[in-house]
Each structure stands twice: as C-alpha cells, then as structure tokens.
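Student: Before I ask anything, here is the structure I am working with.
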Amino acid sequence: MAAVPCDLARIIISENSEQQMIWLREKLGHGRTFPILIGMFEAVAIDRKIRDVETPRPLTHDLLANVISSLSGVVERIVVNDLRNNTFYATLVIRQNGKVIEVDSRPSDAIALAVRLETPIFVEEKVIDQVANLQQQEPQEEEEEEEGQ
C-alpha cells in the first residue's frame, strides 16, 4: 500500500494534561487530517523548532540528528506505518553510504526529528483509512450511550 505525503498541520499543548496532540494533514487528495497523542517533551521539542527557539545545548532530537549526520546518514523520510490497539507506529528511513536503514520509532520522536531536519512526513494509506474508520465509529458510540441513559 502507498504512503501518503503529509504535513504537520497543528500542535496543541495543554499544560494541564500529560497527553498533547499533533494533527497531520495529507498534502494531496482529500486533505484528510487526524490527531496523534504525544508526550509533553516531544510536543515542546516540536513547538520550539517550529517557533525557532534556540536552546543553549542540544536536546534529545538534536542529538539524534547530530548522531545520524556524524555517521554519514541522512533521514530521507519518516513514515507513520501502523496503528495497533490505538497506538501509532513509525519508521525513520535513513540513507547511509548508499544503503537504506529503517529504524523503528515512536511517531512523536520521528515527527520531532522530521521537523528539525525538514524531512518529509508520510503516512501509510492503511493507517489513514483506519483512523477514518475509528472517527466514524466514535459519534455512533456516543449516540448509543446517550440513548441507553
């Protein structure tokens, strides 16, 4: 199945919650969007880069970018490639000395790295379809709960 190019559409940071939210939007086609819950540290790292806030020392995602570069690697793209039990999965696609290396990653870390390196973000079509199916089911479930009360 094909991977769909996406953009980081928005980030929502709530100081009152451990779970933050980013929204990805497909670049072409229907412009579908969907949220991914992420942790506070990843949300802040993404937000800092988007707002061009410099830090005095490298943060974790800066360190990872520096390590990949120091080892003659280039992050070609990140791919959100699966959704299982309400958990998203991603892969870093790194090219090093002509060889492609795929590294398992949390989507939040992969997206934080992609934002830092201006690397393309892709989402597998099957994941977008799964999210769409879940989003269609949610209003029905809420209506069923209201009718049962």
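To be explicit about the labels: the chains of the structure tokens are called A, B, and onward in the order shown, and within each one the residues are counted from 1, while ligands get numbers from 1 in the order they are shown.
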Within 9 Å of Pro35 (chain A), counting only C-alpha atoms, which residues qualify if same-chain residues fewer than 4 places away don't, as a list in words?

Tutor: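 The filter keeps Met21, Ile22, Trp23, Leu24 and Val131 of chain A.
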
Student: Can those selected residues be exported to a file as a CSV table (one decimal), in the first residue's frame so that it contains C-alpha atoms?

Tutor:
chain,number,residue,atom,x,y,z
A,21,MET,CA,-1.8,16.5,20.4
A,22,ILE,CA,-0.4,16.9,16.9
A,23,TRP,CA,-2.5,16.9,13.8
A,24,LEU,CA,-1.2,15.5,10.5
A,131,VAL,CA,-8.2,6.5,11.6

Student: Name all residues at most 6 Å from region 26-28 of chain A (count only C-alpha atoms; drop same-chain ones fewer than 4 positions away) and give them as a PDB file with C-alpha atoms, in the first residue's frame.

Tutor:
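Dumped to part04.pdb:
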ATOM      1  CA  PRO A   5       2.778  12.707   1.981  1.00  0.00           C
ATOM      2  CA  CYS A   6       1.567  14.699   4.983  1.00  0.00           C
ATOM      3  CA  ARG A  32      -7.720  14.409   5.459  1.00  0.00           C
TER       4      ARG A  32
END

Student: At what distance in Å, to one decimal, does CA of Pro120 (chain A) lie from CA of Ile94 (chain A)?

Tutor: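 That distance, rounded to one decimal, is 12.0 Å.
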
Student: Pick from A:Met40, A:Val75, A:Ala112, A:His30: nearest to His61 (chain A), with only C-alpha atoms counted?

Tutor: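 Going through A:Met40, A:Val75, A:Ala112, A:His30 one by one, the smallest distance to His61 (chain A) is for A:Ala112.
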
Student: Got a sec to tell me which of region 9-139 of chain A DSSP assigns to strand (DSSP E or B), as a PyMOL selection string?

Tutor: chain A and resi 9-12+19-26+33-39+73-84+87-96+99-105+121-124

Student: Can those selected residues be exported to a file as a short mmCIF file (atom, residue, chain, number, x, y, z; two decimals), in the first residue's frame so that it contains C-alpha atoms?

Tutor:
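The result, written out as selection.cif:
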data_model
loop_
_atom_site.label_atom_id
_atom_site.label_comp_id
_atom_site.auth_asym_id
_atom_site.auth_seq_id
_atom_site.Cartn_x
_atom_site.Cartn_y
_atom_site.Cartn_z
CA ALA A 9 -0.98 20.79 10.45
CA ARG A 10 -1.00 21.91 14.07
CA ILE A 11 0.16 21.18 17.55
CA ILE A 12 -1.91 21.59 20.69
CA GLN A 19 -1.07 13.99 26.60
CA GLN A 20 -0.51 16.60 23.92
CA MET A 21 -1.83 16.46 20.38
CA ILE A 22 -0.42 16.94 16.91
CA TRP A 23 -2.52 16.90 13.75
CA LEU A 24 -1.22 15.54 10.47
CA ARG A 25 -2.85 16.52 7.18
CA GLU A 26 -2.36 14.83 3.83
CA THR A 33 -6.44 15.23 8.93
CA PHE A 34 -6.05 13.16 12.05
CA PRO A 35 -4.65 13.58 15.55
CA ILE A 36 -1.85 11.70 17.29
CA LEU A 37 -1.48 11.97 21.06
CA ILE A 38 2.10 12.60 22.14
CA GLY A 39 4.01 13.36 25.31
CA GLY A 73 23.45 9.28 7.39
CA VAL A 74 20.56 11.31 6.01
CA VAL A 75 16.99 10.93 7.20
CA GLU A 76 15.16 10.67 3.87
CA ARG A 77 11.66 10.49 5.33
CA ILE A 78 9.65 9.31 8.27
CA VAL A 79 6.67 7.04 7.80
CA VAL A 80 3.77 6.54 10.21
CA ASN A 81 3.27 2.94 9.17
CA ASP A 82 0.88 1.23 11.56
CA LEU A 83 -1.92 1.67 14.06
CA ARG A 84 -2.47 -1.17 16.52
CA THR A 87 -1.06 3.09 19.22
CA PHE A 88 0.66 4.59 16.19
CA TYR A 89 3.99 3.24 14.94
CA ALA A 90 6.57 4.94 12.73
CA THR A 91 9.83 4.29 10.93
CA LEU A 92 12.81 6.52 10.25
CA VAL A 93 14.12 5.88 6.74
CA ILE A 94 17.83 6.69 6.80
CA ARG A 95 20.25 6.51 3.90
CA GLN A 96 23.86 5.85 4.86
CA LYS A 99 22.27 1.75 1.97
CA VAL A 100 18.74 2.30 3.31
CA ILE A 101 18.23 1.64 7.00
CA GLU A 102 14.77 1.59 8.60
CA VAL A 103 14.61 2.31 12.31
CA ASP A 104 11.52 1.73 14.46
CA SER A 105 10.36 4.91 16.20
CA ILE A 121 6.47 13.02 6.65
CA PHE A 122 4.48 10.14 5.15
CA VAL A 123 1.57 8.11 6.49
CA GLU A 124 0.61 4.71 5.11
#

Student: What does the distance from CA of Ser14 (chain A) to CA of Pro107 (chain A) come to in Å, to one decimal?

Tutor: 18.9 Å

Student: Can you work out the spacing between CA of Asn97 (chain A) and CA of Asp7 (chain A) in Å, to one decimal?

Tutor: 27.8 Å

Student: Find the residues of region 78-148 of chain A that sit at most 10 Å from region 50-60 of chain A; for each, write down the nearest two atoms and how far apart they are in Å, to one decimal. Count only C-alpha atoms. Sort by chain, then by number going up, and give it as a tab-separated table.

Tutor:
residue	atom	partner	partner_atom	distance
A:Asp109	CA	A:Thr60	CA	9.3
A:Ala112	CA	A:Thr60	CA	9.8
A:Leu113	CA	A:Thr60	CA	9.4
A:Val115	CA	A:Ile50	CA	7.4
A:Arg116	CA	A:Ile50	CA	8.4

Student: Got time to write the residues from that selection, N, CA and C atoms, as a short mmCIF file (atom, residue, chain, number, x, y, z; two decimals), in the first residue's frame?

Tutor:
data_model
loop_
_atom_site.label_atom_id
_atom_site.label_comp_id
_atom_site.auth_asym_id
_atom_site.auth_seq_id
_atom_site.Cartn_x
_atom_site.Cartn_y
_atom_site.Cartn_z
N ASP A 109 8.60 11.05 18.24
CA ASP A 109 10.04 11.26 18.07
C ASP A 109 10.39 11.43 16.59
N ALA A 112 9.27 14.89 15.55
CA ALA A 112 10.18 15.90 16.12
C ALA A 112 11.48 15.95 15.32
N LEU A 113 11.99 14.80 14.92
CA LEU A 113 13.20 14.75 14.11
C LEU A 113 12.94 15.31 12.71
N VAL A 115 10.73 17.52 11.79
CA VAL A 115 10.59 18.98 11.87
C VAL A 115 11.97 19.63 11.96
N ARG A 116 12.86 19.03 12.75
CA ARG A 116 14.20 19.56 12.91
C ARG A 116 14.99 19.55 11.61
#

Student: Please extract the residues of chain A with a backbone DSSP assignment of helix (DSSP H, G or I) and present them as a ChimeraX atom specification.

Tutor: /A:40-50,60-70,107-117,125-148

Student: Which residue is closest to Glu125 (chain A)? Choose from A:Ala2, A:Ala43, A:Leu71, A:Ile13 and count only C-alpha atoms.

Tutor: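 Once distances to Glu125 (chain A) are computed over only C-alpha atoms, the minimum belongs to A:Ala2.
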